>>> print(open('protein_14.cif').read())   # mmCIF, C-alpha atoms
data_model
loop_
_atom_site.label_atom_id
_atom_site.label_comp_id
_atom_site.auth_asym_id
_atom_site.auth_seq_id
_atom_site.Cartn_x
_atom_site.Cartn_y
_atom_site.Cartn_z
CA MET A 1 109.29 66.57 145.16
CA GLU A 2 108.28 63.35 146.86
CA ASN A 3 110.36 60.24 146.30
CA LEU A 4 108.12 58.00 144.21
CA SER A 5 108.55 54.37 143.25
CA ILE A 6 108.87 53.35 139.61
CA ALA A 7 105.25 52.07 139.59
CA GLU A 8 103.99 55.38 140.95
CA ARG A 9 106.08 57.43 138.50
CA PHE A 10 104.76 55.40 135.59
CA ALA A 11 101.15 55.49 136.82
CA ILE A 12 101.20 59.29 137.12
CA LEU A 13 102.15 59.54 133.45
CA GLY A 14 100.20 56.57 132.14
CA LEU A 15 96.88 56.90 133.93
CA ASN A 16 96.44 60.64 133.34
CA GLY A 17 93.47 61.09 130.98
CA LYS A 18 92.46 57.41 131.07
CA GLU A 19 88.89 56.43 131.92
CA SER A 20 88.49 55.73 135.61
CA GLU A 21 85.12 53.97 135.83
CA HIS A 22 85.15 51.72 132.79
CA TRP A 23 87.45 49.20 131.20
CA ASN A 24 89.16 50.10 127.96
CA LEU A 25 92.12 48.69 126.16
CA ALA A 26 94.33 51.75 126.51
CA LYS A 27 93.89 51.66 130.29
CA HIS A 28 94.36 47.89 130.29
CA TYR A 29 97.81 48.32 128.74
CA VAL A 30 98.80 50.87 131.36
CA LEU A 31 97.60 48.56 134.14
CA LYS A 32 99.64 45.69 132.72
CA GLY A 33 102.61 48.06 132.69
CA ILE A 34 101.95 48.88 136.32
CA ALA A 35 101.79 45.14 137.08
CA ALA A 36 105.21 44.79 135.42
CA SER A 37 106.56 47.61 137.55
CA PHE A 38 105.20 45.87 140.69
CA TYR A 39 107.23 42.79 139.69
CA LEU A 40 110.32 44.95 139.21
CA GLU A 41 109.80 46.61 142.61
CA GLU A 42 109.53 43.19 144.24
CA ASN A 43 112.71 42.03 142.54
CA TYR A 44 114.87 45.02 143.35
CA ASN A 45 117.64 44.63 145.86
CA SER A 46 118.26 48.03 147.37
CA SER A 47 121.43 47.02 149.20
CA THR A 48 123.17 45.95 146.00
CA ASP A 49 121.13 48.29 143.75
CA THR A 50 120.36 45.44 141.34
CA TRP A 51 117.25 44.07 139.62
CA THR A 52 116.70 40.35 139.25
CA ILE A 53 114.56 39.82 136.18
CA GLN A 54 113.54 36.43 134.83
CA GLU A 55 111.73 36.91 131.55
CA ARG A 56 109.42 33.92 132.13
CA ASP A 57 108.54 35.03 135.66
CA LEU A 58 107.88 38.60 134.56
CA CYS A 59 105.59 37.48 131.70
CA LYS A 60 103.75 35.11 134.04
CA TYR A 61 103.37 37.89 136.62
CA ILE A 62 101.95 40.31 134.02
CA LYS A 63 99.54 37.68 132.67
CA LYS A 64 98.19 36.51 136.01
CA SER A 65 97.78 39.94 137.62
CA ARG A 66 94.16 41.07 137.56
CA ALA A 67 93.83 44.55 136.08
CA LYS A 68 91.10 45.60 138.53
CA GLU A 69 93.27 44.66 141.51
CA VAL A 70 96.32 46.44 140.09
CA GLU A 71 94.21 49.55 139.51
CA LYS A 72 92.83 49.50 143.04
CA GLN A 73 96.28 49.06 144.52
CA ILE A 74 98.03 51.81 142.57
CA ILE A 75 95.16 54.29 142.96
CA ALA A 76 95.20 53.71 146.74
CA ARG A 77 98.95 54.39 146.77
CA LEU A 78 98.65 57.54 144.69
CA ASN A 79 95.59 58.72 146.61
CA SER A 80 97.44 58.44 149.90
CA LYS A 81 100.01 60.86 148.43
CA GLN A 82 97.30 63.05 146.88
CA MET A 83 98.79 62.52 143.45
CA ILE A 84 95.69 61.55 141.46
CA GLY A 85 92.06 62.57 141.21
CA LYS A 86 89.06 62.06 138.95
CA VAL A 87 87.29 64.53 136.69
CA LYS A 88 84.40 64.29 134.22
CA SER A 89 85.50 63.44 130.71
CA LEU A 90 86.23 66.41 128.46
CA LEU A 91 83.63 64.95 126.12
CA GLY A 92 81.08 66.49 128.47
CA CYS A 93 82.00 69.86 126.92
CA ASP A 94 81.28 68.58 123.39
CA LEU A 95 78.13 69.79 121.61
CA PHE A 96 77.00 66.23 120.96
CA TYR A 97 77.38 64.97 124.53
CA ASP A 98 75.44 65.73 127.64
CA GLU A 99 77.16 67.68 130.39
CA ASN A 100 75.97 65.04 132.84
CA ILE A 101 78.25 62.57 131.13
CA LYS A 102 79.01 59.54 133.26
CA ILE A 103 82.50 58.99 131.83
CA LYS A 104 85.18 60.05 134.28
CA GLU A 105 88.92 60.28 133.80
CA TYR A 106 91.95 60.15 136.02
CA VAL A 107 93.88 63.37 136.33
CA SER A 108 97.34 63.33 137.85
CA ASP A 109 98.68 66.07 140.09
CA ILE A 110 99.77 68.78 137.64
CA ARG A 111 103.12 69.58 139.26
CA GLU A 112 104.12 65.97 139.71
CA TYR A 113 103.04 65.06 136.17
CA GLU A 114 105.15 67.86 134.69
CA TYR A 115 108.04 67.05 136.97
CA GLN A 116 108.05 63.39 135.87
CA LEU A 117 107.97 64.38 132.21
CA ASP A 118 110.76 66.92 132.67
CA TYR A 119 112.82 64.37 134.60
CA PHE A 120 112.43 61.84 131.81
CA ARG A 121 113.30 64.47 129.19
CA ALA A 122 116.35 65.65 131.18
CA GLU A 123 117.66 62.07 131.14
CA PHE A 124 116.83 61.10 127.58
CA PHE A 125 117.29 64.32 125.66
CA GLU A 126 120.60 65.46 127.11
CA GLU A 127 123.99 63.82 126.80
CA GLY A 128 124.94 61.52 129.65
CA PRO A 129 124.06 58.17 131.20
CA ILE A 130 120.49 57.18 131.97
CA SER A 131 119.53 55.80 135.37
CA ASP A 132 118.01 52.32 135.79
CA GLU A 133 114.67 53.92 136.64
CA GLY A 134 114.80 55.94 133.41
CA ILE A 135 115.56 52.75 131.45
CA ILE A 136 112.57 51.00 133.04
CA LEU A 137 110.25 53.96 132.58
CA ALA A 138 111.05 54.15 128.86
CA TRP A 139 110.25 50.44 128.51
CA LEU A 140 106.96 50.83 130.38
CA LEU A 141 105.91 53.90 128.38
CA LYS A 142 106.73 52.23 125.08
CA GLY A 143 105.08 48.93 126.00
CA SER A 144 101.87 50.59 127.17
CA LEU A 145 101.75 52.82 124.06
CA CYS A 146 101.92 55.96 126.21
CA LEU A 147 105.00 57.16 124.36
CA TYR A 148 102.82 58.25 121.43
CA ASP A 149 100.57 60.32 123.66
CA LEU A 150 103.23 62.01 125.75
CA PHE A 151 105.95 62.93 123.27
CA SER A 152 106.17 64.61 119.90
CA LEU A 153 107.26 62.57 116.88
CA ARG A 154 110.76 64.04 117.01
CA GLU A 155 111.03 63.21 120.70
CA GLN A 156 109.78 59.65 120.10
CA GLU A 157 112.52 59.22 117.52
CA ILE A 158 115.20 60.36 120.01
CA ILE A 159 113.84 58.02 122.69
CA ARG A 160 113.78 55.08 120.26
CA LYS A 161 117.41 55.75 119.24
CA LYS A 162 118.51 56.07 122.89
CA MET A 163 116.72 52.81 123.73
CA ASP A 164 118.58 51.05 120.89
CA GLU A 165 121.89 52.41 122.18
CA LEU A 166 121.03 51.37 125.73
CA GLN A 167 120.60 47.75 124.66
CA SER A 168 124.31 47.54 123.98
CA LYS A 169 125.37 49.57 127.01
CA SER A 170 123.14 48.38 129.84
CA GLY A 171 122.46 44.84 131.02
CA LEU A 172 119.10 45.91 132.43
CA ALA A 173 118.01 47.39 129.07
CA ARG A 174 119.23 44.27 127.24
CA VAL A 175 116.98 42.02 129.33
CA LEU A 176 114.00 44.35 129.56
CA TYR A 177 113.86 45.70 126.02
CA SER A 178 113.61 42.20 124.56
CA ILE A 179 110.28 41.71 126.36
CA GLU A 180 107.18 43.29 124.81
CA ILE A 181 104.31 43.98 127.20
CA GLN A 182 101.82 43.91 124.30
CA SER A 183 102.84 40.48 123.12
CA VAL A 184 102.56 39.19 126.69
CA ILE A 185 98.88 40.23 126.78
CA GLY A 186 98.25 39.21 123.16
CA SER A 187 94.90 39.76 121.42
CA ILE A 188 93.53 40.96 118.09
CA ALA A 189 92.33 44.21 119.67
CA ASN A 190 95.92 44.95 120.71
CA GLY A 191 96.94 45.18 117.09
CA PHE A 192 94.14 47.64 116.37
CA LEU A 193 94.96 49.88 119.34
CA ARG A 194 98.62 49.84 118.42
CA MET A 195 97.84 50.74 114.81
CA LYS A 196 95.38 53.44 115.87
CA THR A 197 97.75 55.02 118.41
CA GLN A 198 100.73 55.00 116.07
CA PHE A 199 98.66 56.36 113.19
CA ALA A 200 97.13 59.13 115.32
CA ALA A 201 100.63 60.22 116.38
CA THR A 202 101.62 61.09 112.80
CA PRO A 203 100.74 64.55 111.39
CA PHE A 204 98.58 62.83 108.74
CA GLY A 205 96.77 60.68 111.28
CA LYS A 206 96.27 63.64 113.57
CA GLY A 207 94.69 65.60 110.70
CA ILE A 208 92.45 62.72 109.65
CA ASN A 209 91.30 62.14 113.21
CA PHE A 210 90.61 65.85 113.55
CA ILE A 211 88.36 66.01 110.51
CA PHE A 212 86.75 62.57 110.89
CA PRO A 213 87.09 61.83 114.61
CA PHE A 214 86.24 58.14 114.35
CA LEU A 215 89.60 56.97 115.68
CA ASP A 216 89.53 58.83 118.94
CA ARG A 217 86.52 61.01 119.64
CA LYS A 218 88.16 62.42 122.75
CA GLN A 219 90.89 64.02 120.68
CA SER A 220 88.45 66.10 118.68
CA VAL A 221 86.02 67.73 121.11
CA PHE A 222 83.78 70.41 119.54
CA VAL A 223 82.76 73.29 121.81
CA ASP A 224 79.92 75.37 120.36
CA MET A 225 79.72 79.15 120.81
CA GLU A 226 76.62 80.98 121.91
CA GLU A 227 76.93 83.58 119.15
CA TYR A 228 77.98 83.69 115.51
CA PHE A 229 81.29 85.19 114.30
CA THR A 230 82.85 85.63 117.70
CA ASN A 231 86.38 86.99 117.97
CA ALA A 232 89.35 84.99 119.26
CA GLU A 233 89.11 86.44 122.75
CA LYS A 234 85.43 85.57 123.17
CA ARG A 235 85.97 82.07 121.74
CA LEU A 236 88.75 81.42 124.22
CA GLN A 237 86.70 82.75 127.13
CA CYS A 238 83.74 80.61 126.13
CA VAL A 239 85.88 77.46 126.06
CA LEU A 240 87.50 78.31 129.40
CA ASP A 241 84.08 78.91 130.98
CA ARG A 242 82.67 75.65 129.62
CA VAL A 243 85.66 73.56 130.59
CA THR A 244 86.17 75.01 134.08
CA SER A 245 82.45 74.74 134.86
CA GLN A 246 82.86 70.99 134.51
CA GLY A 247 85.72 70.80 136.96
CA HIS A 248 88.70 70.81 134.60
CA THR A 249 91.86 72.78 135.29
CA CYS A 250 92.95 75.15 132.50
CA GLU A 251 95.99 77.21 131.74
CA VAL A 252 96.32 79.37 128.61
CA LEU A 253 99.79 78.82 127.17
CA HIS A 254 99.44 80.91 124.03
CA TYR A 255 96.94 83.57 122.98
CA GLY A 256 96.03 84.42 119.39
CA ASP A 257 93.65 83.19 116.69
CA VAL A 258 94.43 79.58 117.54
CA PRO A 259 95.23 79.64 121.25
CA ILE A 260 96.94 76.76 123.03
CA VAL A 261 95.36 75.71 126.31
CA LYS A 262 96.49 73.07 128.77
CA ILE A 263 93.47 71.19 130.12
CA ASP A 264 94.20 68.64 132.88
CA ASN A 265 97.85 68.22 131.85
CA ILE A 266 97.08 67.82 128.13
CA LYS A 267 97.70 70.59 125.61
CA TYR A 268 95.08 71.48 122.98
CA GLU A 269 94.90 73.95 120.13
CA LEU A 270 91.53 75.70 119.88
CA VAL A 271 90.79 75.70 116.17
CA PRO A 272 87.79 77.83 115.06
CA GLU A 273 85.30 75.79 113.11
CA ALA A 274 81.69 75.86 111.89
CA ILE A 275 79.68 72.68 111.54
CA VAL A 276 76.32 72.30 109.83
CA VAL A 277 73.61 70.30 111.51
CA LYS A 278 70.28 71.87 110.51
CA LEU A 279 71.76 75.32 110.90
CA PRO A 280 75.42 76.30 110.91
CA ILE A 281 76.93 76.22 114.41
CA HIS A 282 80.09 78.16 115.11
CA GLY A 283 82.58 76.93 117.65
CA VAL A 284 86.09 75.63 118.20
CA ARG A 285 87.49 72.15 117.99
CA LEU A 286 90.09 71.07 120.52
CA ARG A 287 93.05 69.46 118.83
CA ARG A 288 95.80 67.65 120.79
CA TYR A 289 98.96 69.73 120.65
CA ASP A 290 102.53 68.56 121.13
CA MET B 1 103.63 90.38 125.41
CA SER B 2 107.28 91.41 125.82
CA ARG B 3 109.73 91.40 122.92
CA GLN B 4 112.54 88.89 122.87
CA ARG B 5 115.88 90.48 123.83
CA SER B 6 118.75 90.21 121.39
CA ILE B 7 121.48 87.70 122.23
CA GLU B 8 123.96 90.60 122.63
CA LYS B 9 121.69 92.23 125.20
CA ILE B 10 121.29 88.91 127.03
CA ARG B 11 125.07 88.41 127.14
CA GLU B 12 125.46 91.83 128.79
CA SER B 13 122.74 91.31 131.41
CA GLU B 14 123.41 90.46 135.00
CA TYR B 15 120.17 88.46 135.30
CA VAL B 16 118.42 86.37 132.68
CA THR B 17 115.21 84.37 132.35
CA ILE B 18 114.98 80.60 131.82
CA GLY B 19 114.12 81.14 128.14
CA GLU B 20 117.25 83.23 127.73
CA LEU B 21 119.31 80.53 129.42
CA VAL B 22 117.99 78.09 126.82
CA ARG B 23 119.47 80.33 124.12
CA LEU B 24 122.72 80.95 125.97
CA THR B 25 123.49 77.33 126.82
CA ASP B 26 121.67 75.42 124.06
CA THR B 27 119.87 73.32 126.66
CA ARG B 28 116.22 72.28 126.52
CA TYR B 29 113.70 74.37 128.44
CA SER B 30 112.30 71.25 130.16
CA THR B 31 115.80 70.27 131.34
CA LEU B 32 116.47 73.69 132.89
CA LYS B 33 113.03 73.64 134.50
CA PHE B 34 113.81 70.24 135.98
CA TYR B 35 117.25 71.35 137.26
CA THR B 36 115.56 74.37 138.85
CA GLU B 37 112.91 72.20 140.55
CA GLU B 38 115.70 69.99 141.87
CA GLY B 39 117.47 73.01 143.35
CA MET B 40 120.46 72.66 141.04
CA LEU B 41 120.02 76.15 139.57
CA PRO B 42 119.38 78.84 142.16
CA PHE B 43 117.23 81.79 141.10
CA LYS B 44 115.71 85.01 142.38
CA GLN B 45 111.98 85.64 142.39
CA GLU B 46 110.36 88.78 143.76
CA ASP B 47 106.94 87.16 144.01
CA THR B 48 105.55 83.67 143.28
CA ASN B 49 103.74 85.02 140.20
CA LEU B 50 106.75 86.85 138.83
CA THR B 51 109.41 85.52 136.48
CA ARG B 52 112.34 83.66 137.97
CA ARG B 53 115.61 85.46 137.35
CA TYR B 54 118.93 83.64 137.17
CA HIS B 55 122.35 85.19 137.67
CA ARG B 56 123.71 84.84 134.15
CA GLU B 57 127.40 84.25 134.75
CA GLU B 58 127.02 81.85 137.67
CA THR B 59 124.12 79.92 136.17
CA VAL B 60 125.80 79.45 132.78
CA LYS B 61 128.87 78.22 134.62
CA ARG B 62 126.75 75.82 136.64
CA ILE B 63 124.97 74.45 133.56
CA GLU B 64 128.35 73.83 131.89
CA GLU B 65 129.49 72.08 135.05
CA ILE B 66 126.39 69.85 135.00
CA LYS B 67 126.96 69.01 131.34
CA LYS B 68 130.57 68.14 132.07
CA MET B 69 129.59 65.84 134.94
CA ARG B 70 126.94 64.15 132.78
CA ASN B 71 129.49 63.62 130.01
CA GLU B 72 131.87 62.11 132.54
CA GLY B 73 129.25 59.43 133.28
CA MET B 74 127.19 60.76 136.18
CA THR B 75 123.41 60.33 136.26
CA VAL B 76 121.17 63.33 136.97
CA LEU B 77 120.73 62.31 140.61
CA GLN B 78 124.47 61.80 141.11
CA VAL B 79 125.07 65.28 139.69
CA LYS B 80 122.47 66.67 142.07
CA GLU B 81 124.18 65.06 145.04
CA ALA B 82 127.59 66.30 143.93
CA LEU B 83 126.31 69.85 143.53
CA ALA B 84 124.59 69.82 146.91
CA ASN B 85 128.02 69.74 148.56
CA LYS B 86 129.41 72.53 146.43
CA PRO B 87 128.95 76.23 147.19
CA TYR B 88 127.19 78.22 144.47
#
>>> encode(input="protein_14.cif", output="structure tokens")
Amino acid sequence: MENLSIAERFAILGLNGKESEHWNLAKHYVLKGIAASFYLEENYNSSTDTWTIQERDLCKYIKKSRAKEVEKQIIARLNSKQMIGKVKSLLGCDLFYDENIKIKEYVSDIREYEYQLDYFRAEFFEEGPISDEGIILAWLLKGSLCLYDLFSLREQEIIRKKMDELQSKSGLARVLYSIEIQSVIGSIANGFLRMKTQFAATPFGKGINFIFPFLDRKQSVFVDMEEYFTNAEKRLQCVLDRVTSQGHTCEVLHYGDVPIVKIDNIKYELVPEAIVVKLPIHGVRLRRYD
Amino acid sequence: MSRQRSIEKIRESEYVTIGELVRLTDTRYSTLKFYTEEGMLPFKQEDTNLTRRYHREETVKRIEEIKKMRNEGMTVLQVKEALANKPY
């Protein structure tokens, strides 16, 4: 695997699945996280292997960095390493959206994305010390609210505990973990996104969002079938055909009545469902799986 | 879909899969996958589409060694460097 900087490692995890053409708050957080990682890169002394972090300077740096510029810079870096691409939003496969949907999303290189997640898990979920880069990555993922998207509730709990422990063991964690990226940006919308993301990560929130997808439409895509009462095999094939025809990469992880499919690095359960518009329409709803 | 082998059968086998190593060593699947990607756990693979097979005795020993090094205070990358100089 290629040797990536902390900003690149974080961007591969954070930008995957985020809208590429338009501004949204979730992406804004990730970009502010990337800006923070640029500051850390600039203030790293490789000969002494130390980071010089001034809280005020870091906050100022995050505030003054323009999101658009940060995005351009990091995408250019990742593009030069062929680590990121763009694909039409999965919403294009939804019954209620047009397949010519203009919304596009970033999709990170599948191998690198998995590698970065496994690396993070190998450091945080096994006994042993955590590297400085791991400490920083955890802070960036938490501050940009990506932690809720990437890890299961149980995993989030382990990470939170490890981060608490690190504050007493590592000087870097002590300085960094006292700074909150969200409070540096500060706005009313931040509070809503934070609430929404945390709520959607709970089993209750996930269920509510699945039935009434007002919180995050993207996490409850409905793919209609061409015929009534299809069997599991045909349903799966229909979803795979629809999704791949729009340029997404799919891998079936589990077969059965409710198969699990990985689409562009994100796992979904395909739950059979019928909705009633004027007539009943049979199909499956894609539910985020972790 | 193949049936899961019993733990007794796994303990008698010369070669095991990554899933079986998870059961033998009580280590997360993602961790073993990462160690494999990093070249810390050598494996045999007849074809790129076929399952990777690990030599049970040597791999279990190696995983225990990694755990020991981690408990002694080495980071993952330090362990990797230390293992690179050791014959398998």
>>> residues_around(input="protein_14.cif", residues="region 83-85 of chain B", least_positions_apart="5", cutoff="9 Å", atoms="all atoms listed in the file", output="VMD selection string")
chain B and resid 39 to 40 66 78
>>> atom_distance(input="protein_14.cif", atom1="CA of Tyr39 (chain A)", atom2="CA of Ile53 (chain A)")
8.7 Å
>>> closest_atom_pairs(input="protein_14.cif", of="region 2-78 of chain A", to="region 265-275 of chain A", cutoff="12 Å", atoms="only C-alpha atoms", output="Markdown table")
| residue | atom | partner | partner_atom | distance |
| --- | --- | --- | --- | --- |
| A:Ile12 | CA | A:Asn265 | CA | 10.9 |
| A:Leu13 | CA | A:Asn265 | CA | 9.8 |
| A:Gly14 | CA | A:Asn265 | CA | 11.9 |
| A:Leu15 | CA | A:Asn265 | CA | 11.6 |
| A:Asn16 | CA | A:Asn265 | CA | 7.9 |
| A:Gly17 | CA | A:Ile266 | CA | 8.2 |
| A:Lys18 | CA | A:Ile266 | CA | 11.8 |
>>> closest_atom_pairs(input="protein_14.cif", of="chain B", to="chain A", cutoff="8 Å", atoms="all atoms listed in the file", output="tab-separated table")
residue	atom	partner	partner_atom	distance
B:Thr27	CA	A:Glu126	CA	7.9
B:Ser30	CA	A:Asp118	CA	5.2
B:Thr31	CA	A:Ala122	CA	4.7
B:Lys33	CA	A:Asp118	CA	7.3
B:Phe34	CA	A:Asp118	CA	5.6
B:Glu37	CA	A:Tyr115	CA	7.9
B:Glu38	CA	A:Met1	CA	8.0
B:Lys67	CA	A:Glu127	CA	7.5
B:Arg70	CA	A:Gly128	CA	4.6
B:Asn71	CA	A:Gly128	CA	5.0
B:Glu72	CA	A:Gly128	CA	7.5
B:Gly73	CA	A:Pro129	CA	5.7
B:Met74	CA	A:Pro129	CA	6.4
B:Thr75	CA	A:Pro129	CA	5.5
B:Val76	CA	A:Glu123	CA	6.9
>>> residues_around(input="protein_14.cif", residues="Arg23 (chain B)", least_positions_apart="4", cutoff="12 Å", atoms="only C-alpha atoms", output="ChimeraX atom specification")
/B:4-8,10-11,16-19,27-29,32,56,60
>>> write_last_selection(input="protein_14.cif", atoms="C-alpha atoms", output="compact mmCIF listing (two decimals), keeping the file's coordinate frame")
# COMPACT_ATOMS: atom_id res chain seq x y z
CA GLN B 4 112.54 88.89 122.87
CA ARG B 5 115.88 90.48 123.83
CA SER B 6 118.75 90.21 121.39
CA ILE B 7 121.48 87.70 122.23
CA GLU B 8 123.96 90.60 122.63
CA ILE B 10 121.29 88.91 127.03
CA ARG B 11 125.07 88.41 127.14
CA VAL B 16 118.42 86.37 132.68
CA THR B 17 115.21 84.37 132.35
CA ILE B 18 114.98 80.60 131.82
CA GLY B 19 114.12 81.14 128.14
CA THR B 27 119.87 73.32 126.66
CA ARG B 28 116.22 72.28 126.52
CA TYR B 29 113.70 74.37 128.44
CA LEU B 32 116.47 73.69 132.89
CA ARG B 56 123.71 84.84 134.15
CA VAL B 60 125.80 79.45 132.78
>>> resolve_selection(input="protein_14.cif", expression="the PyMOL selection byres ((chain B and resi 51) around 12)", output="PyMOL selection string")
chain B and resi 15-20+43-50+52-54
>>> write_last_selection(input="protein_14.cif", atoms="C-alpha atoms", output="PDB file, in the coordinates of the input")
ATOM      1  CA  TYR B  15     120.170  88.460 135.300  1.00  0.00           C
ATOM      2  CA  VAL B  16     118.420  86.370 132.680  1.00  0.00           C
ATOM      3  CA  THR B  17     115.210  84.370 132.350  1.00  0.00           C
ATOM      4  CA  ILE B  18     114.980  80.600 131.820  1.00  0.00           C
ATOM      5  CA  GLY B  19     114.120  81.140 128.140  1.00  0.00           C
ATOM      6  CA  GLU B  20     117.250  83.230 127.730  1.00  0.00           C
ATOM      7  CA  PHE B  43     117.230  81.790 141.100  1.00  0.00           C
ATOM      8  CA  LYS B  44     115.710  85.010 142.380  1.00  0.00           C
ATOM      9  CA  GLN B  45     111.980  85.640 142.390  1.00  0.00           C
ATOM     10  CA  GLU B  46     110.360  88.780 143.760  1.00  0.00           C
ATOM     11  CA  ASP B  47     106.940  87.160 144.010  1.00  0.00           C
ATOM     12  CA  THR B  48     105.550  83.670 143.280  1.00  0.00           C
ATOM     13  CA  ASN B  49     103.740  85.020 140.200  1.00  0.00           C
ATOM     14  CA  LEU B  50     106.750  86.850 138.830  1.00  0.00           C
ATOM     15  CA  ARG B  52     112.340  83.660 137.970  1.00  0.00           C
ATOM     16  CA  ARG B  53     115.610  85.460 137.350  1.00  0.00           C
ATOM     17  CA  TYR B  54     118.930  83.640 137.170  1.00  0.00           C
TER      18      TYR B  54
END
>>> resolve_selection(input="protein_14.cif", expression="the PyMOL selection byres ((chain A and resi 227) around 12)", output="number ranges by chain")
A: 224-226, 228-231, 234-235, 238, 274, 280-283
>>> resolve_selection(input="protein_14.cif", expression="the PyMOL selection byres ((chain A and resi 89) around 9)", output="PyMOL selection string")
chain A and resi 17+19+87-88+90-93+101-106+218+246+248
>>> write_last_selection(input="protein_14.cif", atoms="C-alpha atoms", output="compact mmCIF listing (two decimals), in the coordinates of the input")
# COMPACT_ATOMS: atom_id res chain seq x y z
CA GLY A 17 93.47 61.09 130.98
CA GLU A 19 88.89 56.43 131.92
CA VAL A 87 87.29 64.53 136.69
CA LYS A 88 84.40 64.29 134.22
CA LEU A 90 86.23 66.41 128.46
CA LEU A 91 83.63 64.95 126.12
CA GLY A 92 81.08 66.49 128.47
CA CYS A 93 82.00 69.86 126.92
CA ILE A 101 78.25 62.57 131.13
CA LYS A 102 79.01 59.54 133.26
CA ILE A 103 82.50 58.99 131.83
CA LYS A 104 85.18 60.05 134.28
CA GLU A 105 88.92 60.28 133.80
CA TYR A 106 91.95 60.15 136.02
CA LYS A 218 88.16 62.42 122.75
CA GLN A 246 82.86 70.99 134.51
CA HIS A 248 88.70 70.81 134.60
>>> atom_distance(input="protein_14.cif", atom1="CA of Ile260 (chain A)", atom2="CA of Thr25 (chain B)")
26.8 Å
>>> atom_distance(input="protein_14.cif", atom1="CA of Val261 (chain A)", atom2="CA of Arg287 (chain A)")
10.0 Å
>>> residues_around(input="protein_14.cif", residues="Ile159 (chain A)", least_positions_apart="3", cutoff="12 Å", atoms="all atoms listed in the file", output="number ranges by chain")
A: 120-126, 130, 134-135, 137-139, 141-142, 147-148, 150-156, 162-166
>>> residues_around(input="protein_14.cif", residues="region 57-69 of chain A", least_positions_apart="5", cutoff="9 Å", atoms="all atoms listed in the file", output="PyMOL selection string")
chain A and resi 23+28+31-36+39-40+74+179+181+184-185
>>> residues_around(input="protein_14.cif", residues="Ala26 (chain A)", least_positions_apart="2", cutoff="8 Å", atoms="only C-alpha atoms", output="ChimeraX atom specification")
/A:18,24,28-30,144-145,193
>>> closest_residue(input="protein_14.cif", among="A:Phe10, A:Phe222, A:Tyr44, A:Tyr289", to="Lys262 (chain A)", atoms="all atoms listed in the file")
A:Tyr289
>>> axis_aligned_box(input="protein_14.cif", around="region 246-253 of chain A", padding_each_side="5 Å", output="lines of an AutoDock Vina configuration file")
center_x = 91.3
center_y = 75.1
center_z = 132.1
size_x = 26.9
size_y = 18.6
size_z = 19.8
>>> closest_residue(input="protein_14.cif", among="A:Val252, A:Leu25, A:Ala11, A:Leu279", to="Glu112 (chain A)", atoms="only C-alpha atoms")
A:Ala11
